[in-house]
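Working notes, beginning with the structure itself.
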Amino acid sequence: MSPHDRKAMSEAKLRAIAVPVNDHLPMIEADHEVDLRSPEEVLRRLLALWAVVDKAFLGSKSKTSNYFATHNLQPWLSNVERDFLLNDHPSRRDGIHFSWQLETFYFLAWCAGLLACNEIPNEESSVKPILHLFPVGAEKPDRLRAAIHLRDKSEVLDRADILYRLHWAVRNAQVTGSDAPKGIDGGVVQEWHRAVNWMIRYDGEDNWDNVGTDT
């Protein structure tokens, strides 16, 4: 699909659910201009998100910090993630921040072909159906590695385009004080947008902590 056709398709879907559209937002990259993350990169990012989300929700009961230390996997974490995972007493603010990473975890699991995912984030996200794929005890992440089958580039770019335009609508409502798109959680949109931008290597950014969500 051409960038022009992808833009038109996204705009039509958003208008159909009464989400404001900015006709002047540019097109995103064409398929041939994008190289998706590799299965191994996705594996490592999923494990990092699994670790920090687990700690955000379970606190001191979480064992993921020990898992990363035992297997010397700290290089798979971003600097911010590493600081959080190694902190025995993280702040409440950090706990809330990383609990939101459930959404990036969920969306990247979709990119990895592990979960179904609506185009528009209008229901509660859950990663429970795939937690059995993650290592228990001292296991290596072999089940997860074998289960990852990345979605087609065109399918991922379709999501990148519609999330870009949906995120604009969310931000525009915040800036103008108008009503937010009905039934849409802006925080979820932001996290999904961040996840898909990492997946398509948006702006050439490899540092997870710095992935942009420009609109």
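All residue names refer to the structure tokens as shown: chains lettered A, B, ... in order, residues numbered from 1 in each chain, ligands numbered from 1 in order.
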May I have the residues within 7 Å of A:Trp50 as a VMD selection string, using only C-alpha atoms and disregarding those fewer than 4 positions away in the same chain? chain A and resid 46 54 105
Go ahead and write the residues just picked, N, CA and C atoms, as a PDB file, in the first residue's frame.
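And here's part-v3.pdb as it stands now:
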```
ATOM      1  N   LEU A  46      10.748  -7.391  24.634  1.00  0.00           N
ATOM      2  CA  LEU A  46       9.638  -8.007  25.361  1.00  0.00           C
ATOM      3  C   LEU A  46      10.081  -8.467  26.743  1.00  0.00           C
ATOM      4  N   ASP A  54       6.345  -6.444  35.564  1.00  0.00           N
ATOM      5  CA  ASP A  54       6.180  -7.366  36.684  1.00  0.00           C
ATOM      6  C   ASP A  54       6.543  -6.687  38.001  1.00  0.00           C
ATOM      7  N   PHE A 105       4.228  -3.245  26.253  1.00  0.00           N
ATOM      8  CA  PHE A 105       4.408  -4.696  26.303  1.00  0.00           C
ATOM      9  C   PHE A 105       3.316  -5.375  25.457  1.00  0.00           C
TER      10      PHE A 105
END
```
For the interface of stretch 158-214 of chain A with stretch 10-27 of chain A (cut-off 10 Å, counting only C-alpha atoms), please tabulate each contacting residue of stretch 158-214 of chain A alongside its nearest pair of atoms and their separation in Å to one decimal, rows sorted by chain and increasing number, as JSON lines.
```
{"residue": "A:Asp158", "atom": "CA", "partner": "A:Ser10", "partner_atom": "CA", "distance": 7.7}
{"residue": "A:Arg159", "atom": "CA", "partner": "A:Ser10", "partner_atom": "CA", "distance": 8.7}
{"residue": "A:Ala160", "atom": "CA", "partner": "A:Ser10", "partner_atom": "CA", "distance": 9.8}
{"residue": "A:Asp161", "atom": "CA", "partner": "A:Ser10", "partner_atom": "CA", "distance": 6.7}
{"residue": "A:Ile162", "atom": "CA", "partner": "A:Ser10", "partner_atom": "CA", "distance": 5.0}
{"residue": "A:Leu163", "atom": "CA", "partner": "A:Ser10", "partner_atom": "CA", "distance": 8.7}
{"residue": "A:Tyr164", "atom": "CA", "partner": "A:Leu25", "partner_atom": "CA", "distance": 9.1}
{"residue": "A:Arg165", "atom": "CA", "partner": "A:Val21", "partner_atom": "CA", "distance": 7.0}
{"residue": "A:Leu166", "atom": "CA", "partner": "A:Leu14", "partner_atom": "CA", "distance": 7.4}
{"residue": "A:Trp168", "atom": "CA", "partner": "A:Asn22", "partner_atom": "CA", "distance": 7.8}
{"residue": "A:Ala169", "atom": "CA", "partner": "A:Pro20", "partner_atom": "CA", "distance": 5.8}
{"residue": "A:Val170", "atom": "CA", "partner": "A:Pro20", "partner_atom": "CA", "distance": 9.0}
{"residue": "A:Asn172", "atom": "CA", "partner": "A:Pro20", "partner_atom": "CA", "distance": 9.0}
{"residue": "A:Ala173", "atom": "CA", "partner": "A:Pro20", "partner_atom": "CA", "distance": 9.2}
{"residue": "A:Ala180", "atom": "CA", "partner": "A:Val19", "partner_atom": "CA", "distance": 8.7}
{"residue": "A:Pro181", "atom": "CA", "partner": "A:Val19", "partner_atom": "CA", "distance": 5.6}
{"residue": "A:Lys182", "atom": "CA", "partner": "A:Val19", "partner_atom": "CA", "distance": 7.8}
{"residue": "A:Gly183", "atom": "CA", "partner": "A:Ile17", "partner_atom": "CA", "distance": 9.8}
{"residue": "A:Ile184", "atom": "CA", "partner": "A:Val19", "partner_atom": "CA", "distance": 9.4}
```
Taking only C-alpha atoms into account, which of A:Asn79, A:Ala138, A:Ser91, A:Gly177 comes nearest A:Lys63? A:Ala138
Counting only C-alpha atoms, the option among A:Val175, A:Asp88, A:His149, A:Trp110 closest to A:Ile130: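 For A:Ile130, the nearest of the candidates is A:Trp110.
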Please, which residues of stretch 76-148 of chain A, numbered as in this document, come out alpha helix (DSSP H) from DSSP, as a count of residues only? 33
Considering only C-alpha atoms, tabulate each residue of stretch 167-204 of chain A that lies at most 8 Å from stretch 95-102 of chain A along with its nearest interatomic pair and the corresponding distance in Å to one decimal; arrange the rows by chain and ascending residue number and present them as CSV.
```
residue,atom,partner,partner_atom,distance
A:Gly187,CA,A:Trp100,CA,8.0
A:Val188,CA,A:Trp100,CA,7.9
A:Glu191,CA,A:Gln101,CA,7.2
```
Those residues you just picked out, can you put them in a file as a compact mmCIF listing (two decimals), in the first residue's frame with C-alpha atoms?
```txt
# COMPACT_ATOMS: atom_id res chain seq x y z
CA GLY A 187 -2.30 7.31 27.79
CA VAL A 188 -2.77 4.01 25.99
CA GLU A 191 2.26 3.98 24.70
```
Excluding A:Glu139 and its own-chain neighbours fewer than 6 positions away, which residues fall within 12 Å of it when counting only C-alpha atoms? Please give them as JSON, numbers by chain. {"A": [67, 68, 70, 71, 133]}
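Nearest-residue note for A:Ala146: choosing from A:Glu40, A:Lys61, A:Leu73, A:Asp206, the minimum distance belongs to A:Glu40, counting only C-alpha atoms.
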Quick one: residues within 10 Å of A:Val136, only C-alpha atoms, excluding same-chain residues fewer than 4 positions away - as a count of residues only? 7
Using only C-alpha atoms for the distances, tell me which of A:Thr213, A:Gln74, A:Ser154, A:Ser38 is nearest to A:Asp5.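 Under the stated criterion, the closest residue is A:Ser154.
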Which of these, A:His4, A:Lys128, A:His32, A:Arg82, has the shortest distance to A:Tyr106 once you count only C-alpha atoms?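 Using only C-alpha atoms, the shortest distance to A:Tyr106 belongs to A:Lys128.
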Shell around A:Asn87 at 12 Å using only C-alpha atoms, local window under 2 positions removed, as a VMD selection string: chain A and resid 52 55 to 56 59 to 60 65 to 66 80 to 85 89 to 91 94 to 95
For those residues, write C-alpha atoms to a file as a PDB file, in the first residue's frame.
```pdb
ATOM      1  CA  VAL A  52       9.745  -3.887  34.614  1.00  0.00           C
ATOM      2  CA  LYS A  55       8.071  -5.286  39.234  1.00  0.00           C
ATOM      3  CA  ALA A  56       5.715  -2.317  38.827  1.00  0.00           C
ATOM      4  CA  GLY A  59       6.881  -4.723  43.892  1.00  0.00           C
ATOM      5  CA  SER A  60       9.237  -6.635  46.212  1.00  0.00           C
ATOM      6  CA  SER A  65      15.387  -8.444  38.771  1.00  0.00           C
ATOM      7  CA  ASN A  66      17.021 -11.649  39.987  1.00  0.00           C
ATOM      8  CA  VAL A  80      15.828   4.031  32.955  1.00  0.00           C
ATOM      9  CA  GLU A  81      14.596   0.444  33.117  1.00  0.00           C
ATOM     10  CA  ARG A  82      17.853  -0.711  34.708  1.00  0.00           C
ATOM     11  CA  ASP A  83      17.669   1.943  37.405  1.00  0.00           C
ATOM     12  CA  PHE A  84      14.103   0.951  38.219  1.00  0.00           C
ATOM     13  CA  LEU A  85      14.720  -2.791  38.234  1.00  0.00           C
ATOM     14  CA  HIS A  89      12.705   1.062  46.931  1.00  0.00           C
ATOM     15  CA  PRO A  90      11.510   2.762  43.724  1.00  0.00           C
ATOM     16  CA  SER A  91       9.321   5.824  44.027  1.00  0.00           C
ATOM     17  CA  ASP A  94       8.316   5.321  38.951  1.00  0.00           C
ATOM     18  CA  GLY A  95       5.966   2.487  39.824  1.00  0.00           C
TER      19      GLY A  95
END
```
Would you kindly return, as a PyMOL selection string, each protein, DNA or RNA residue with an atom no farther than 12 Å from any atom of A:Arg151, considering only C-alpha atoms and excluding same-chain residues fewer than 2 positions away? chain A and resi 36-39+42+107-117+148-149+153-159+196+199-200
Saved selection, atoms kept: N, CA and C atoms, as a compact mmCIF listing (two decimals), in the first residue's frame:
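As written to disk, result_9.txt reads:
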```
# COMPACT_ATOMS: atom_id res chain seq x y z
N LEU A 36 11.87 -3.27 9.82
CA LEU A 36 11.36 -3.57 11.16
C LEU A 36 12.46 -4.12 12.06
N ARG A 37 12.24 -4.04 13.35
CA ARG A 37 13.13 -4.69 14.29
C ARG A 37 13.17 -6.19 14.02
N SER A 38 14.29 -6.78 14.33
CA SER A 38 14.45 -8.22 14.11
C SER A 38 13.74 -9.01 15.21
N PRO A 39 13.48 -10.30 14.97
CA PRO A 39 12.88 -11.12 16.03
C PRO A 39 13.70 -11.12 17.31
N VAL A 42 13.10 -7.87 19.17
CA VAL A 42 11.77 -7.89 19.77
C VAL A 42 11.78 -8.79 21.01
N PHE A 107 1.37 -4.07 23.08
CA PHE A 107 1.40 -3.77 21.65
C PHE A 107 2.57 -4.47 20.96
N LEU A 108 3.71 -4.54 21.60
CA LEU A 108 4.84 -5.25 20.98
C LEU A 108 4.57 -6.75 20.90
N ALA A 109 3.79 -7.27 21.85
CA ALA A 109 3.39 -8.67 21.75
C ALA A 109 2.51 -8.88 20.52
N TRP A 110 1.69 -7.88 20.19
CA TRP A 110 0.94 -7.96 18.94
C TRP A 110 1.88 -7.95 17.75
N CYS A 111 2.85 -7.04 17.74
CA CYS A 111 3.82 -6.99 16.64
C CYS A 111 4.54 -8.32 16.47
N ALA A 112 4.76 -9.01 17.59
CA ALA A 112 5.47 -10.29 17.57
C ALA A 112 4.58 -11.45 17.16
N GLY A 113 3.30 -11.16 16.90
CA GLY A 113 2.38 -12.22 16.51
C GLY A 113 1.89 -13.08 17.65
N LEU A 114 1.99 -12.55 18.87
CA LEU A 114 1.63 -13.34 20.05
C LEU A 114 0.22 -13.07 20.55
N LEU A 115 -0.34 -11.91 20.18
CA LEU A 115 -1.65 -11.50 20.66
C LEU A 115 -2.45 -10.85 19.54
N ALA A 116 -3.77 -10.93 19.65
CA ALA A 116 -4.64 -10.11 18.81
C ALA A 116 -4.74 -8.73 19.45
N CYS A 117 -5.03 -7.72 18.64
CA CYS A 117 -5.03 -6.34 19.16
C CYS A 117 -5.92 -5.48 18.26
N ILE A 148 7.73 -16.27 18.65
CA ILE A 148 7.70 -14.97 17.96
C ILE A 148 7.70 -15.17 16.45
N HIS A 149 6.68 -14.65 15.82
CA HIS A 149 6.58 -14.62 14.36
C HIS A 149 6.08 -13.22 13.98
N LYS A 153 5.33 -6.28 7.55
CA LYS A 153 5.67 -4.86 7.63
C LYS A 153 4.47 -3.99 7.30
N SER A 154 3.71 -4.34 6.26
CA SER A 154 2.58 -3.52 5.86
C SER A 154 1.54 -3.44 6.97
N GLU A 155 1.35 -4.52 7.70
CA GLU A 155 0.37 -4.53 8.79
C GLU A 155 0.84 -3.64 9.93
N VAL A 156 2.14 -3.69 10.24
CA VAL A 156 2.69 -2.84 11.30
C VAL A 156 2.61 -1.37 10.89
N LEU A 157 2.90 -1.08 9.64
CA LEU A 157 2.84 0.32 9.17
C LEU A 157 1.41 0.85 9.14
N ASP A 158 0.44 -0.02 8.87
CA ASP A 158 -0.96 0.40 8.97
C ASP A 158 -1.26 0.89 10.39
N ARG A 159 -0.76 0.16 11.39
CA ARG A 159 -0.98 0.56 12.78
C ARG A 159 -0.19 1.83 13.10
N VAL A 196 5.03 1.24 18.49
CA VAL A 196 5.10 1.03 17.04
C VAL A 196 6.21 1.86 16.42
N MET A 199 9.25 -0.08 16.81
CA MET A 199 9.21 -1.24 15.92
C MET A 199 9.63 -0.87 14.50
N ILE A 200 9.28 0.35 14.04
CA ILE A 200 9.60 0.75 12.67
C ILE A 200 10.87 1.61 12.61
```
A:Asp31 environment, 9 Å, only C-alpha atoms, sequence neighbours closer than 2 positions dropped, as a PDB file with C-alpha atoms, in the first residue's frame:
```pdb
ATOM      1  CA  MET A   1       0.000   0.000   0.000  1.00  0.00           C
ATOM      2  CA  SER A   2       1.281   3.460  -0.847  1.00  0.00           C
ATOM      3  CA  PRO A   3       1.767   6.043   1.946  1.00  0.00           C
ATOM      4  CA  GLU A  29       7.300   6.265   5.422  1.00  0.00           C
ATOM      5  CA  GLU A  33      11.893   2.835   3.480  1.00  0.00           C
ATOM      6  CA  VAL A  34      11.346   0.866   6.704  1.00  0.00           C
ATOM      7  CA  ASP A  35      13.228  -2.042   8.244  1.00  0.00           C
ATOM      8  CA  LYS A 153       5.668  -4.865   7.628  1.00  0.00           C
ATOM      9  CA  SER A 154       2.580  -3.524   5.865  1.00  0.00           C
ATOM     10  CA  LEU A 157       2.842   0.316   9.167  1.00  0.00           C
TER      11      LEU A 157
END
```
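Minimum distance to A:Thr215 across A:Asn197, A:Asp179, A:Arg171, A:Arg6 (counting only C-alpha atoms) occurs at A:Arg171.
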